[in-house]
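Printed here is structure-v6.cif (mmCIF, C-alpha atoms):
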```cif
data_entry
loop_
_atom_site.label_atom_id
_atom_site.label_comp_id
_atom_site.auth_asym_id
_atom_site.auth_seq_id
_atom_site.Cartn_x
_atom_site.Cartn_y
_atom_site.Cartn_z
CA MET J 1 1.35 13.86 24.30
CA THR J 2 -0.74 13.98 21.15
CA SER J 3 -3.93 11.98 21.44
CA CYS J 4 -4.42 8.99 19.19
CA SER J 5 -7.56 10.29 17.45
CA THR J 6 -9.27 10.12 14.07
CA GLU J 7 -9.46 13.93 13.86
CA PRO J 8 -13.01 14.31 12.47
CA ARG J 9 -13.61 17.81 11.16
CA ALA J 10 -15.50 20.15 13.43
CA THR J 11 -19.28 20.09 13.18
CA ALA J 12 -22.11 21.53 15.21
CA HIS J 13 -22.60 18.12 16.81
CA ASP J 14 -19.01 17.46 17.89
CA SER J 15 -19.89 17.53 21.57
CA GLN J 16 -22.18 14.54 21.00
CA LEU J 17 -19.60 12.42 19.14
CA ASN J 18 -16.96 10.15 20.60
CA SER J 19 -13.40 10.18 19.24
CA LEU J 20 -14.34 7.68 16.50
CA GLY J 21 -17.19 9.87 15.30
CA PHE J 22 -20.18 8.01 16.77
CA ALA J 23 -22.98 9.59 18.79
CA LYS J 24 -22.76 7.16 21.69
CA PRO J 25 -20.40 6.38 24.57
CA PRO J 26 -17.17 4.51 23.76
CA ALA J 27 -18.31 1.53 25.86
CA GLN J 28 -21.24 1.08 23.44
CA THR J 29 -19.02 1.41 20.36
CA ARG J 30 -17.47 -1.82 19.12
CA VAL J 31 -14.30 -1.48 17.07
CA VAL J 32 -12.33 -4.27 15.43
CA VAL J 33 -8.61 -3.47 15.33
CA ALA J 34 -6.57 -5.11 12.57
CA MET J 35 -3.43 -6.14 14.47
CA SER J 36 -0.31 -7.08 12.52
CA GLY J 37 1.81 -7.61 15.62
CA GLY J 38 3.77 -4.39 15.12
CA VAL J 39 3.92 -1.30 17.30
CA ASP J 40 1.49 0.77 15.21
CA SER J 41 -1.60 -1.43 15.35
CA SER J 42 -0.76 -2.44 18.94
CA VAL J 43 -0.85 1.22 20.00
CA VAL J 44 -4.18 1.72 18.23
CA ALA J 45 -5.72 -1.21 20.11
CA ALA J 46 -4.29 -0.15 23.47
CA GLN J 47 -5.32 3.49 23.06
CA LEU J 48 -8.89 2.67 22.05
CA ALA J 49 -9.21 0.20 24.92
CA ALA J 50 -7.92 2.87 27.32
CA GLU J 51 -10.58 5.27 25.99
CA GLY J 52 -13.19 2.70 26.94
CA TYR J 53 -14.14 1.28 23.54
CA ASP J 54 -15.35 -2.29 23.08
CA VAL J 55 -12.19 -3.48 21.32
CA ILE J 56 -11.75 -6.78 19.48
CA GLY J 57 -8.30 -7.52 18.07
CA VAL J 58 -8.01 -9.59 14.90
CA THR J 59 -4.75 -10.82 13.38
CA LEU J 60 -4.53 -12.49 9.99
CA GLN J 61 -2.18 -15.38 9.37
CA LEU J 62 -1.27 -14.65 5.77
CA TYR J 63 1.49 -17.13 5.08
CA ASP J 64 3.30 -20.12 6.52
CA HIS J 65 4.20 -19.94 10.20
CA GLY J 66 7.37 -21.98 9.83
CA ALA J 67 8.80 -19.86 7.03
CA ALA J 68 8.06 -16.68 8.94
CA LEU J 69 9.55 -17.62 12.29
CA ALA J 70 13.09 -17.13 11.02
CA LYS J 71 12.34 -13.89 9.19
CA LYS J 72 12.69 -10.58 10.98
CA GLY J 73 10.72 -7.51 9.96
CA ALA J 74 7.73 -9.38 8.55
CA CYS J 75 4.09 -9.19 9.57
CA CYS J 76 1.05 -11.41 9.95
CA ALA J 77 2.82 -14.67 10.80
CA GLY J 78 4.95 -16.40 13.42
CA GLN J 79 6.31 -14.08 16.10
CA ASP J 80 4.02 -11.26 15.02
CA ILE J 81 0.90 -13.25 15.82
CA HIS J 82 2.39 -14.03 19.22
CA ASP J 83 3.17 -10.34 19.82
CA ALA J 84 -0.38 -9.29 18.92
CA ARG J 85 -1.79 -11.89 21.30
CA ARG J 86 0.46 -10.65 24.12
CA VAL J 87 -0.76 -7.08 23.64
CA ALA J 88 -4.38 -8.21 23.84
CA GLU J 89 -3.69 -10.22 27.00
CA ARG J 90 -1.91 -7.31 28.68
CA VAL J 91 -4.50 -4.68 27.82
CA GLY J 92 -7.44 -7.01 28.33
CA PHE J 93 -9.51 -7.38 25.17
CA PRO J 94 -10.43 -10.44 23.07
CA HIS J 95 -8.11 -11.39 20.22
CA TYR J 96 -8.65 -13.75 17.32
CA VAL J 97 -6.31 -15.19 14.69
CA LEU J 98 -7.89 -15.88 11.30
CA ASP J 99 -6.24 -18.19 8.78
CA TYR J 100 -6.26 -16.21 5.54
CA GLU J 101 -3.34 -18.05 3.99
CA ASN J 102 -5.32 -19.38 1.02
CA LYS J 103 -7.05 -16.04 0.42
CA PHE J 104 -3.70 -14.25 0.55
CA ARG J 105 -2.07 -16.66 -1.90
CA GLU J 106 -4.96 -16.44 -4.35
CA SER J 107 -5.54 -12.67 -4.10
CA VAL J 108 -2.00 -11.38 -3.71
CA ILE J 109 0.89 -13.82 -4.19
CA GLU J 110 -0.31 -15.43 -7.43
CA GLU J 111 -0.93 -12.06 -9.09
CA PHE J 112 2.43 -10.83 -7.84
CA ALA J 113 4.14 -13.74 -9.61
CA ASP J 114 2.14 -13.32 -12.83
CA ALA J 115 2.79 -9.56 -12.93
CA TYR J 116 6.52 -10.04 -12.57
CA LEU J 117 6.52 -12.64 -15.32
CA ALA J 118 4.71 -10.14 -17.55
CA GLY J 119 7.47 -7.58 -17.04
CA ALA J 120 5.59 -5.43 -14.54
CA THR J 121 6.72 -4.21 -11.11
CA PRO J 122 3.78 -5.00 -8.82
CA VAL J 123 3.05 -3.52 -5.38
CA PRO J 124 1.54 -6.45 -3.44
CA CYS J 125 1.05 -4.39 -0.25
CA ILE J 126 -1.65 -2.37 -2.04
CA ARG J 127 -3.39 -5.52 -3.25
CA CYS J 128 -3.25 -6.94 0.29
CA ASN J 129 -4.99 -3.86 1.68
CA GLU J 130 -7.50 -3.87 -1.18
CA ARG J 131 -8.33 -7.55 -1.43
CA VAL J 132 -7.67 -8.98 2.02
CA LYS J 133 -7.62 -6.42 4.82
CA PHE J 134 -10.20 -3.96 3.48
CA ARG J 135 -12.42 -6.54 1.85
CA ASP J 136 -12.40 -9.89 3.65
CA LEU J 137 -11.30 -8.66 7.07
CA LEU J 138 -13.64 -5.69 6.90
CA GLN J 139 -16.52 -8.06 6.17
CA THR J 140 -15.50 -10.11 9.20
CA ALA J 141 -15.60 -6.95 11.30
CA ARG J 142 -19.15 -6.30 10.13
CA GLU J 143 -20.10 -9.87 11.02
CA LEU J 144 -18.75 -9.23 14.53
CA ASP J 145 -21.29 -6.38 14.73
CA ALA J 146 -18.54 -3.75 14.87
CA ASP J 147 -19.32 -0.09 14.35
CA CYS J 148 -15.98 0.39 12.58
CA MET J 149 -12.57 -1.14 11.92
CA ALA J 150 -9.36 0.63 12.95
CA THR J 151 -5.86 0.05 11.57
CA GLY J 152 -2.36 1.29 12.33
CA HIS J 153 -1.87 2.94 8.94
CA TYR J 154 -0.49 6.47 8.79
CA ILE J 155 -3.24 8.23 6.89
CA ARG J 156 -6.14 10.45 7.89
CA ARG J 157 -9.88 10.18 7.44
CA PHE J 158 -11.99 13.31 7.69
CA ASP J 159 -15.76 13.71 7.60
CA GLY J 160 -16.29 16.08 4.68
CA PRO J 161 -19.44 17.79 3.39
CA LYS J 162 -20.03 14.98 0.88
CA GLY J 163 -18.89 12.06 3.02
CA ALA J 164 -15.67 10.60 4.38
CA GLU J 165 -12.46 11.91 2.79
CA LEU J 166 -8.99 10.35 2.65
CA HIS J 167 -6.04 12.61 3.50
CA MET J 168 -2.29 12.24 3.78
CA ALA J 169 -0.83 11.65 7.25
CA ALA J 170 0.33 14.60 9.35
CA ASP J 171 3.86 13.15 9.25
CA PRO J 172 5.01 13.18 5.61
CA ASN J 173 7.79 10.72 6.46
CA ARG J 174 5.25 8.09 7.56
CA ASP J 175 2.44 8.84 5.09
CA GLN J 176 1.01 5.64 3.58
CA SER J 177 -1.54 7.16 1.22
CA TYR J 178 0.26 5.66 -1.80
CA PHE J 179 -0.56 2.18 -0.48
CA LEU J 180 -4.19 2.95 0.33
CA PHE J 181 -5.40 4.72 -2.82
CA SER J 182 -7.75 1.85 -3.72
CA THR J 183 -9.78 2.24 -0.51
CA THR J 184 -13.35 2.76 -1.70
CA ALA J 185 -15.78 5.37 -0.40
CA GLU J 186 -17.90 2.61 1.17
CA GLN J 187 -14.88 1.13 2.95
CA LEU J 188 -13.77 4.58 4.07
CA ASP J 189 -17.11 5.07 5.83
CA PHE J 190 -16.32 2.05 8.02
CA LEU J 191 -12.57 2.56 8.54
CA ARG J 192 -10.71 4.61 11.12
CA PHE J 193 -6.97 5.51 11.16
CA PRO J 194 -6.12 6.77 14.66
CA LEU J 195 -2.39 7.31 14.02
CA GLY J 196 -2.79 9.62 11.03
CA GLY J 197 -2.64 12.77 13.12
CA LEU J 198 0.59 11.96 14.97
CA VAL J 199 3.53 14.07 13.86
CA SER J 200 6.26 11.43 14.27
CA LYS J 201 6.86 7.73 14.86
CA ALA J 202 8.49 8.72 18.14
CA GLU J 203 5.02 9.65 19.43
CA THR J 204 3.73 6.19 18.55
CA ARG J 205 6.58 4.49 20.39
CA ALA J 206 6.06 6.78 23.39
CA LEU J 207 2.43 5.72 23.52
CA ALA J 208 3.50 2.07 23.36
CA THR J 209 5.78 2.66 26.34
CA LYS J 210 2.99 4.48 28.19
CA TYR J 211 0.75 1.43 27.83
CA GLY J 212 3.54 -0.98 28.76
CA LEU J 213 3.59 -2.77 25.42
CA ALA J 214 6.47 -5.17 24.80
CA VAL J 215 6.53 -4.13 21.13
CA ALA J 216 7.44 -0.50 21.94
CA ASP J 217 10.93 -0.89 20.44
CA LYS J 218 10.07 -3.50 17.81
CA PRO J 219 11.63 -2.62 14.41
CA ASP J 220 9.37 -1.59 11.55
CA SER J 221 8.70 -4.13 8.83
CA GLN J 222 10.75 -3.35 5.73
CA ASP J 223 10.39 -5.91 2.97
CA ILE J 224 7.27 -7.40 1.43
CA CYS J 225 6.15 -9.91 4.05
CA PHE J 226 6.46 -13.03 1.88
CA VAL J 227 9.70 -11.98 0.15
CA PRO J 228 12.73 -12.88 2.31
CA ASN J 229 15.47 -10.23 2.22
CA GLY J 230 13.79 -8.42 -0.66
CA ASN J 231 14.81 -11.13 -3.12
CA TYR J 232 11.79 -11.07 -5.44
CA ALA J 233 13.37 -13.27 -8.08
CA SER J 234 13.88 -16.23 -5.74
CA VAL J 235 10.21 -16.16 -4.78
CA ILE J 236 9.10 -16.02 -8.42
CA GLU J 237 11.36 -18.95 -9.34
CA LYS J 238 9.75 -21.06 -6.61
CA LEU J 239 6.24 -20.10 -7.66
CA ARG J 240 6.85 -20.32 -11.41
CA PRO J 241 9.62 -22.84 -12.23
CA GLY J 242 11.47 -21.86 -15.40
CA ALA J 243 10.71 -18.18 -14.98
CA ALA J 244 14.39 -17.27 -14.89
CA ASP J 245 15.22 -18.39 -18.43
CA PRO J 246 18.15 -16.37 -19.85
CA GLY J 247 17.90 -14.09 -22.86
CA ASP J 248 19.40 -11.08 -24.63
CA ILE J 249 20.08 -7.56 -23.44
CA VAL J 250 19.31 -5.32 -26.40
CA ASP J 251 19.44 -1.59 -27.14
CA LEU J 252 16.51 0.49 -28.38
CA GLU J 253 17.23 -0.60 -31.97
CA GLY J 254 17.27 -4.28 -31.05
CA ASN J 255 21.04 -4.77 -31.22
CA VAL J 256 22.25 -7.48 -28.86
CA LEU J 257 24.63 -6.07 -26.23
CA GLY J 258 24.88 -9.04 -23.93
CA GLN J 259 22.97 -11.78 -22.13
CA HIS J 260 20.90 -11.74 -18.96
CA ARG J 261 19.99 -14.45 -16.46
CA GLY J 262 16.23 -13.95 -16.55
CA VAL J 263 13.91 -10.98 -17.08
CA ILE J 264 12.58 -11.35 -13.53
CA HIS J 265 15.96 -10.19 -12.18
CA TYR J 266 15.59 -6.70 -13.69
CA THR J 267 13.46 -3.62 -13.08
CA ILE J 268 12.82 -0.50 -15.14
CA GLY J 269 15.30 2.23 -14.29
CA GLN J 270 17.98 -0.23 -13.15
CA ARG J 271 21.56 0.77 -14.03
CA ARG J 272 23.82 -1.48 -11.97
CA GLY J 273 24.34 -5.18 -12.48
CA LEU J 274 23.69 -5.27 -16.23
CA GLY J 275 27.11 -6.72 -17.05
CA ILE J 276 27.55 -4.68 -20.23
CA GLY J 277 30.19 -2.16 -19.25
CA GLY J 278 32.64 -0.45 -21.55
CA LEU J 279 29.96 1.05 -23.83
CA GLY J 280 30.52 4.72 -23.03
CA ASP J 281 27.50 6.43 -21.48
CA PRO J 282 25.65 4.55 -18.72
CA LEU J 283 22.70 2.45 -19.85
CA TYR J 284 19.47 1.87 -17.96
CA VAL J 285 16.72 -0.73 -18.22
CA VAL J 286 14.03 1.00 -20.28
CA ARG J 287 11.62 -1.85 -20.98
CA LEU J 288 11.15 -5.55 -20.30
CA ASP J 289 9.83 -7.90 -22.99
CA PRO J 290 9.11 -11.28 -21.38
CA GLU J 291 7.78 -12.85 -24.60
CA LEU J 292 11.06 -12.26 -26.45
CA ARG J 293 13.03 -12.60 -23.18
CA HIS J 294 14.58 -9.19 -23.90
CA VAL J 295 15.87 -6.65 -21.41
CA VAL J 296 15.82 -3.38 -23.36
CA VAL J 297 18.35 -0.75 -22.32
CA GLY J 298 18.95 2.86 -23.31
CA PRO J 299 20.35 6.21 -22.14
CA LYS J 300 18.87 7.92 -19.10
CA GLU J 301 16.81 10.34 -21.17
CA SER J 302 14.90 7.44 -22.71
CA LEU J 303 13.39 6.76 -19.28
CA ALA J 304 11.53 10.07 -19.25
CA THR J 305 7.75 9.61 -19.39
CA LYS J 306 5.07 12.27 -19.71
CA ILE J 307 1.90 10.29 -20.52
CA VAL J 308 0.90 7.55 -18.07
CA PRO J 309 -2.18 5.39 -18.85
CA VAL J 310 -3.85 3.90 -15.76
CA THR J 311 -6.53 1.28 -15.24
CA GLU J 312 -8.73 0.13 -12.33
CA VAL J 313 -9.14 3.75 -11.26
CA ASN J 314 -10.63 4.31 -7.80
CA TRP J 315 -12.02 7.85 -7.73
CA LEU J 316 -12.56 9.50 -4.34
CA GLY J 317 -13.09 13.08 -5.46
CA ASP J 318 -16.31 15.04 -4.96
CA ALA J 319 -16.40 16.24 -8.58
CA PRO J 320 -17.57 13.83 -11.31
CA PHE J 321 -14.91 11.65 -12.91
CA GLU J 322 -14.96 13.42 -16.25
CA GLY J 323 -13.24 16.12 -18.32
CA GLU J 324 -9.78 17.43 -17.44
CA ILE J 325 -8.98 17.39 -13.74
CA GLN J 326 -5.99 19.22 -12.29
CA ILE J 327 -4.20 17.01 -9.76
CA THR J 328 -0.82 16.16 -8.39
CA ALA J 329 0.29 12.59 -9.10
CA ARG J 330 2.66 10.24 -7.32
CA ILE J 331 4.04 7.37 -9.39
CA ARG J 332 6.36 5.91 -6.76
CA SER J 333 5.92 5.74 -3.00
CA THR J 334 9.31 7.36 -2.45
CA ARG J 335 8.67 10.37 -4.71
CA PRO J 336 6.61 13.49 -3.93
CA PRO J 337 3.44 14.19 -5.92
CA ARG J 338 4.02 16.22 -9.10
CA PRO J 339 1.62 18.53 -11.01
CA ALA J 340 -0.42 16.63 -13.59
CA ILE J 341 -3.64 16.56 -15.59
CA LEU J 342 -6.03 13.62 -15.25
CA ARG J 343 -8.14 12.80 -18.33
CA PRO J 344 -10.69 9.98 -17.88
CA THR J 345 -10.78 7.63 -20.89
CA GLY J 346 -13.46 5.28 -19.57
CA LYS J 347 -15.41 4.30 -16.47
CA ASN J 348 -12.27 3.22 -14.61
CA ARG J 349 -9.49 4.22 -16.98
CA ALA J 350 -7.58 7.46 -17.42
CA GLU J 351 -4.54 9.08 -18.94
CA ILE J 352 -2.28 11.12 -16.70
CA GLU J 353 -0.21 13.88 -18.27
CA LEU J 354 2.78 14.72 -16.08
CA LEU J 355 3.66 18.39 -16.54
CA ASP J 356 7.29 17.48 -15.88
CA PRO J 357 8.38 14.07 -17.25
CA GLU J 358 9.25 11.38 -14.70
CA GLU J 359 11.91 8.68 -14.99
CA GLY J 360 11.41 5.02 -14.25
CA VAL J 361 7.62 4.81 -14.69
CA SER J 362 6.87 1.09 -14.55
CA PRO J 363 3.77 -0.96 -15.47
CA GLY J 364 2.24 -2.63 -12.43
CA GLN J 365 2.96 0.22 -10.05
CA ALA J 366 0.40 2.68 -8.74
CA CYS J 367 -0.28 6.23 -9.81
CA VAL J 368 -1.97 8.03 -6.94
CA PHE J 369 -3.96 11.24 -7.33
CA TYR J 370 -3.96 14.17 -4.88
CA ALA J 371 -5.68 17.55 -4.75
CA THR J 372 -3.52 20.41 -6.02
CA GLU J 373 -3.82 22.12 -2.64
CA GLY J 374 -4.05 20.58 0.80
CA THR J 375 -3.68 16.91 1.72
CA ARG J 376 -6.68 15.18 0.17
CA VAL J 377 -6.24 11.89 -1.68
CA LEU J 378 -8.45 11.77 -4.79
CA GLY J 379 -7.83 8.10 -5.60
CA GLY J 380 -5.53 6.46 -8.08
CA GLY J 381 -5.03 3.65 -10.56
CA TRP J 382 -2.57 1.04 -11.79
CA ILE J 383 -0.01 1.97 -14.45
CA ALA J 384 -0.86 -0.08 -17.52
CA HIS J 385 2.02 0.56 -19.90
CA ARG J 386 4.44 3.32 -20.69
CA ARG J 387 4.50 5.81 -23.54
CA GLY J 388 6.92 8.65 -24.07
#
```
structure tokens encoding of this file:
Amino acid sequence: MTSCSTEPRATAHDSQLNSLGFAKPPAQTRVVVAMSGGVDSSVVAAQLAAEGYDVIGVTLQLYDHGAALAKKGACCAGQDIHDARRVAERVGFPHYVLDYENKFRESVIEEFADAYLAGATPVPCIRCNERVKFRDLLQTARELDADCMATGHYIRRFDGPKGAELHMAADPNRDQSYFLFSTTAEQLDFLRFPLGGLVSKAETRALATKYGLAVADKPDSQDICFVPNGNYASVIEKLRPGAADPGDIVDLEGNVLGQHRGVIHYTIGQRRGLGIGGLGDPLYVVRLDPELRHVVVGPKESLATKIVPVTEVNWLGDAPFEGEIQITARIRSTRPPRPAILRPTGKNRAEIELLDPEEGVSPGQACVFYATEGTRVLGGGWIAHRRG
């Protein structure tokens, strides 16, 4: 069985470090584990407790209990809070539930709604990690006098020559680096990701069984936690009444081809469900114009994008953020990184040139940077707008 470890790189002092990288016994090392109620974070807490660490489990209530109880595959509410508490009781460490509902609404849900109304395709899971879990919860961990905070994310943290480095998970099918690109160097110093070195989810579930955890066979969460059944539009309509006003579907020249039932129901790259058949070649959503209430469609080739401007760049590389930097870039979580050139255009802005054009690049999504060789994550930014 593979050990649930943080895999620090070898140094001359390894014999003096515990598995979390501290030069003291596990019993004197306090670690706060962010517990969502799923199998991943439950295994992290159980494993660290078994290794003798001073474990404190913390679960965030992020949205309404009542709404969550009937929703399967969510996290941080209802049954999931109960499951996290049961794990803590079985293993024998303290567990706390913190009400972050207002913080979550203000920092994540409201921006999600505004971004959709502006024609973007946001990724609220990244904002949740950035603004709630790795900011507010991390601060709480410090206030509890913890030496570090551990999570169940599939990503690796290595101690490099110039500080902590972020690396892709050993299992490419579980890698969550796309969703953690905004983790800052300061946060990375305090964070630990014990599951990053496991080669499959089967190993995680086997560990859960080993520790007798009731969540061993619990399904993975799939949808965004506050979006029932993946129906984004219904959530936006509740948050922003009138957001689903109808409008025109137009081609690249502005000719009206049909009507739509609200811009929020469409995403860039969408082909099905446009209701404008019989026009010959298939048409795809190329651009959304909320101000004019236009859904702009065009042939597949019009989706190809080579230049991607990004903002709010978080740079984790050792080299200065300047000049031309050879990277590989991932513009969607489901796509592999592709060769690209990063050109900084400001303190936290850049232009990414994709050596091979990508289709379906959408404002509001992330563009994550990786080293051209190896597994290191160099940071990333948010896609601002699209140019050809």
Quiz item: atom CA of Gln61 of chain J and atom CA of Tyr100 of chain J are how many Å apart?
Solution: 5.7 Å
Quiz item: Quick one: residues within 9 Å of segment 194-207 of chain J, all atoms listed in the file counted, chain neighbours fewer than 3 positions away excluded, as a count of residues only?
Solution: 40
Quiz item: So how far away is atom CA of Ala115 of chain J from atom CA of Val286 of chain J, in Å?
Solution: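 So the two atoms, atom CA of Val286 of chain J and atom CA of Ala115 of chain J, lie 17.1 Å apart.
Residues in contact range of Met35 of chain J, defined as at most 8 Å between only C-alpha atoms, with sequence neighbours fewer than 4 positions away removed, read Ser41, Ser42, Ala45, Gly57, Val58, Thr59, Leu60, Ala84, Thr151 and Gly152 of chain J.
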Since we have the selection now, will you write its residues out, keeping C-alpha atoms, as a PDB file, keeping the file's coordinate frame?
```pdb
ATOM      1  CA  SER J  41      -1.600  -1.430  15.350  1.00  0.00           C
ATOM      2  CA  SER J  42      -0.760  -2.440  18.940  1.00  0.00           C
ATOM      3  CA  ALA J  45      -5.720  -1.210  20.110  1.00  0.00           C
ATOM      4  CA  GLY J  57      -8.300  -7.520  18.070  1.00  0.00           C
ATOM      5  CA  VAL J  58      -8.010  -9.590  14.900  1.00  0.00           C
ATOM      6  CA  THR J  59      -4.750 -10.820  13.380  1.00  0.00           C
ATOM      7  CA  LEU J  60      -4.530 -12.490   9.990  1.00  0.00           C
ATOM      8  CA  ALA J  84      -0.380  -9.290  18.920  1.00  0.00           C
ATOM      9  CA  THR J 151      -5.860   0.050  11.570  1.00  0.00           C
ATOM     10  CA  GLY J 152      -2.360   1.290  12.330  1.00  0.00           C
TER      11      GLY J 152
END
```
Go through segment 51-163 of chain J residue by residue and, counting all atoms listed in the file, keep those with an atom at most 12 Å from segment 256-270 of chain J; for each kept residue give the shortest atom pair and its distance in Å to one decimal, ordered by chain and increasing number, as a tab-separated table.
```
residue	atom	partner	partner_atom	distance
J:Phe112	CA	J:Ile264	CA	11.6
J:Ala113	CA	J:Ile264	CA	9.6
J:Asp114	CA	J:Ile264	CA	10.6
J:Ala115	CA	J:Ile264	CA	10.0
J:Tyr116	CA	J:Ile264	CA	6.3
J:Leu117	CA	J:Ile264	CA	6.4
J:Ala118	CA	J:Ile264	CA	8.9
J:Gly119	CA	J:Ile264	CA	7.3
J:Ala120	CA	J:Thr267	CA	8.2
J:Thr121	CA	J:Thr267	CA	7.0
J:Pro122	CA	J:Thr267	CA	10.7
```
Quiz item: Residues picked by the PyMOL selection byres ((chain J and resi 132-139) around 8) here, as a PyMOL selection string?
Solution: chain J and resi 34+103-104+107+127-131+140-143+149+183+187
Quiz prompt | Option closest in space to Gly21 of chain J, from J:Ala49, J:Asp147, J:Asp80, J:Arg85 [counting all atoms listed in the file] | solution =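 Nearest candidate to Gly21 of chain J out of J:Ala49, J:Asp147, J:Asp80, J:Arg85: J:Asp147.
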Any chance you could export segment 313-319 of chain J with all heavy atoms, as a PDB file, in the first residue's frame?
```pdb
ATOM      1  N   VAL J 313      -2.860  37.241 -12.742  1.00  0.00           N
ATOM      2  CA  VAL J 313      -1.870  36.171 -12.841  1.00  0.00           C
ATOM      3  C   VAL J 313      -1.247  35.885 -11.474  1.00  0.00           C
ATOM      4  O   VAL J 313      -0.841  36.794 -10.755  1.00  0.00           O
ATOM      5  CB  VAL J 313      -0.766  36.534 -13.851  1.00  0.00           C
ATOM      6  CG1 VAL J 313       0.395  35.532 -13.777  1.00  0.00           C
ATOM      7  CG2 VAL J 313      -1.339  36.572 -15.262  1.00  0.00           C
ATOM      8  N   ASN J 314      -1.183  34.616 -11.132  1.00  0.00           N
ATOM      9  CA  ASN J 314      -0.450  34.145  -9.952  1.00  0.00           C
ATOM     10  C   ASN J 314       0.766  33.403 -10.467  1.00  0.00           C
ATOM     11  O   ASN J 314       0.647  32.350 -11.089  1.00  0.00           O
ATOM     12  CB  ASN J 314      -1.329  33.222  -9.104  1.00  0.00           C
ATOM     13  CG  ASN J 314      -0.587  32.705  -7.888  1.00  0.00           C
ATOM     14  OD1 ASN J 314      -0.002  33.474  -7.124  1.00  0.00           O
ATOM     15  ND2 ASN J 314      -0.590  31.389  -7.684  1.00  0.00           N
ATOM     16  N   TRP J 315       1.951  33.965 -10.234  1.00  0.00           N
ATOM     17  CA  TRP J 315       3.186  33.388 -10.779  1.00  0.00           C
ATOM     18  C   TRP J 315       3.922  32.615  -9.691  1.00  0.00           C
ATOM     19  O   TRP J 315       4.238  33.148  -8.622  1.00  0.00           O
ATOM     20  CB  TRP J 315       4.078  34.493 -11.337  1.00  0.00           C
ATOM     21  CG  TRP J 315       5.379  34.012 -11.904  1.00  0.00           C
ATOM     22  CD1 TRP J 315       6.634  34.299 -11.448  1.00  0.00           C
ATOM     23  CD2 TRP J 315       5.559  33.153 -13.035  1.00  0.00           C
ATOM     24  NE1 TRP J 315       7.585  33.673 -12.220  1.00  0.00           N
ATOM     25  CE2 TRP J 315       6.949  32.956 -13.205  1.00  0.00           C
ATOM     26  CE3 TRP J 315       4.683  32.523 -13.918  1.00  0.00           C
ATOM     27  CZ2 TRP J 315       7.483  32.167 -14.221  1.00  0.00           C
ATOM     28  CZ3 TRP J 315       5.193  31.728 -14.936  1.00  0.00           C
ATOM     29  CH2 TRP J 315       6.584  31.560 -15.081  1.00  0.00           C
ATOM     30  N   LEU J 316       4.192  31.343  -9.949  1.00  0.00           N
ATOM     31  CA  LEU J 316       4.859  30.474  -8.988  1.00  0.00           C
ATOM     32  C   LEU J 316       6.230  30.007  -9.474  1.00  0.00           C
ATOM     33  O   LEU J 316       6.850  29.144  -8.842  1.00  0.00           O
ATOM     34  CB  LEU J 316       3.977  29.250  -8.688  1.00  0.00           C
ATOM     35  CG  LEU J 316       2.645  29.524  -7.994  1.00  0.00           C
ATOM     36  CD1 LEU J 316       1.816  28.246  -7.920  1.00  0.00           C
ATOM     37  CD2 LEU J 316       2.881  30.086  -6.600  1.00  0.00           C
ATOM     38  N   GLY J 317       6.680  30.540 -10.591  1.00  0.00           N
ATOM     39  CA  GLY J 317       7.971  30.124 -11.126  1.00  0.00           C
ATOM     40  C   GLY J 317       9.142  30.736 -10.369  1.00  0.00           C
ATOM     41  O   GLY J 317       9.002  31.753  -9.683  1.00  0.00           O
ATOM     42  N   ASP J 318      10.322  30.117 -10.492  1.00  0.00           N
ATOM     43  CA  ASP J 318      11.520  30.647  -9.862  1.00  0.00           C
ATOM     44  C   ASP J 318      12.074  31.846 -10.634  1.00  0.00           C
ATOM     45  O   ASP J 318      12.610  32.782 -10.042  1.00  0.00           O
ATOM     46  CB  ASP J 318      12.604  29.556  -9.783  1.00  0.00           C
ATOM     47  CG  ASP J 318      12.224  28.442  -8.810  1.00  0.00           C
ATOM     48  OD1 ASP J 318      11.396  28.696  -7.921  1.00  0.00           O
ATOM     49  OD2 ASP J 318      12.762  27.326  -8.958  1.00  0.00           O
ATOM     50  N   ALA J 319      11.955  31.811 -11.974  1.00  0.00           N
ATOM     51  CA  ALA J 319      12.459  32.909 -12.797  1.00  0.00           C
ATOM     52  C   ALA J 319      11.556  34.130 -12.649  1.00  0.00           C
ATOM     53  O   ALA J 319      10.371  34.004 -12.334  1.00  0.00           O
ATOM     54  CB  ALA J 319      12.511  32.471 -14.261  1.00  0.00           C
TER      55      ALA J 319
END
```
